[in-house]
Structures are given as structure tokens and as C-alpha cells.
Amino acid sequence: MERPSDFDSQATEKRFAEMVTRLEHNFRTTCRVDAGVRVQDASHYGQVVVPAEATSSGADLLVRASNFGSMAVYGIEAPGAYLDEERDALLDRADRERIEQALLDSNFRIVPEAVLWERYDGRSKWLHREPQTSWFTRFFDYL
């Protein structure tokens, strides 16, 4: 439920650490990181917060990486705080480029958040007990 049967923790940890290093370099700051064994009962591997002081947008920027594949999502302040269109309007272009470059250089696929808020219709005995389960929950949230 939390990760696929073929989950490669070492490869995931390495890719995530590379992304954190790139974000810290691109924003010239130390990011807040919650990842790996510190993240329990979750379908995501970890989360990085670029502090507002280091951004041109003037807000915390969040990047979350899934345990499934190499998917990542990013936003302002918190997941789901803004629609993709709102995020794009509020996010400074330089910030967007720095985040996306760090993700792409670390071999992550950026997933638009809007599609993740659709109702989850995949296979799962546990998730179907929850009426509002979304694809975000399945791949990027606490379970």
C-alpha cells in the first residue's frame, strides 16, 4: 500500500538526496526535509520545503516525491493550497524554473496537481473504504 513490491529504497534515497542538493544549490539555502524512515504510513517518500526567504515568490515552496516511480509534485505552502492555475500565477517564473530544473535533473517526472485530486478509481481494498480518496492520497499523501 505504501510502496510498490519492487520499491528500491537505495535508488529512491539517492534520487531524492540529489534533488534536495539541487534545490539547495538553486535557491542558495538550506531546505527543510522530511524523508525516508521519518515518513511513516505514507505513499510518498519525502517532502522538501524551500523557505520563503529564499524564494522570489515570497512563500514557502513545497516539493513532494512519491514512493511510486519517480513522480513528484510541487506547489506553494502546502499540497492542494492552490489550483495549478493559481500556483502558476503566484509562483515567480525564476522559482518555477529552479524547482523544475532540480526535479528534471534528478530524473523526477513532474505531475500536475490537478489530476491528482480526481477520485481514485484504481485497485485497493483499503482506499475504497474512504469516500473521498484521490490519486493524490494514493501516491503523495499519508495513508
# chains A, B, ... in the order shown; residues from 1 in each chain; ligands from 1
>>> residues_around(residues="Gln101 (chain A)", least_positions_apart="5", cutoff="9 Å", atoms="only C-alpha atoms", output="list in words")
Arg22, Leu23, Asn26, Arg96 and Ser106 of chain A
>>> write_last_selection(atoms="C-alpha atoms", output="PDB file, in the first residue's frame")
ATOM      1  CA  ARG A  22      19.986  20.717  -6.447  1.00  0.00           C
ATOM      2  CA  LEU A  23      17.177  22.684  -4.787  1.00  0.00           C
ATOM      3  CA  ASN A  26      19.448  26.605  -6.997  1.00  0.00           C
ATOM      4  CA  ARG A  96       9.330  27.615 -11.122  1.00  0.00           C
ATOM      5  CA  SER A 106      17.239  14.391 -10.650  1.00  0.00           C
TER       6      SER A 106
END
>>> select_by_dssp(residues="chain A", states="strand (DSSP E)", output="MDAnalysis selection string")
chainID A and resid 32:35 44:50 61:66 71:76 109:110
>>> atom_distance(atom1="CA of Leu90 (chain A)", atom2="CA of Ala59 (chain A)")
9.4 Å
>>> residues_around(residues="Thr29 (chain A)", least_positions_apart="6", cutoff="8 Å", atoms="only C-alpha atoms", output="number ranges by chain")
A: 50-51, 54
>>> write_last_selection(atoms="N, CA and C atoms", output="CSV table (one decimal), in the first residue's frame")
chain,number,residue,atom,x,y,z
A,50,VAL,N,11.3,24.7,0.5
A,50,VAL,CA,12.2,25.8,0.3
A,50,VAL,C,11.7,27.0,1.0
A,51,PRO,N,12.4,27.5,2.0
A,51,PRO,CA,11.9,28.6,2.8
A,51,PRO,C,11.6,29.8,2.0
A,54,ALA,N,14.1,32.4,0.8
A,54,ALA,CA,15.0,32.1,-0.3
A,54,ALA,C,14.3,32.2,-1.7
>>> residues_around(residues="Phe140 (chain A)", least_positions_apart="3", cutoff="6 Å", atoms="only C-alpha atoms", output="list in words")
Ser43, His44, Ser66, Phe136 and Thr137 of chain A
>>> write_last_selection(atoms="C-alpha atoms", output="PDB file, in the first residue's frame")
ATOM      1  CA  SER A  43       2.611   6.778  -0.095  1.00  0.00           C
ATOM      2  CA  HIS A  44       5.242   9.476  -0.525  1.00  0.00           C
ATOM      3  CA  SER A  66       6.190   9.622  -4.380  1.00  0.00           C
ATOM      4  CA  PHE A 136      -3.010  12.375  -4.508  1.00  0.00           C
ATOM      5  CA  THR A 137      -3.712  10.174  -1.478  1.00  0.00           C
TER       6      THR A 137
END
>>> closest_residue(among="A:Thr133, A:Ser57, A:Gln10, A:Gln40", to="Tyr120 (chain A)", atoms="only C-alpha atoms")
A:Thr133
>>> atom_distance(atom1="CA of Met19 (chain A)", atom2="CA of Asp105 (chain A)")
7.7 Å
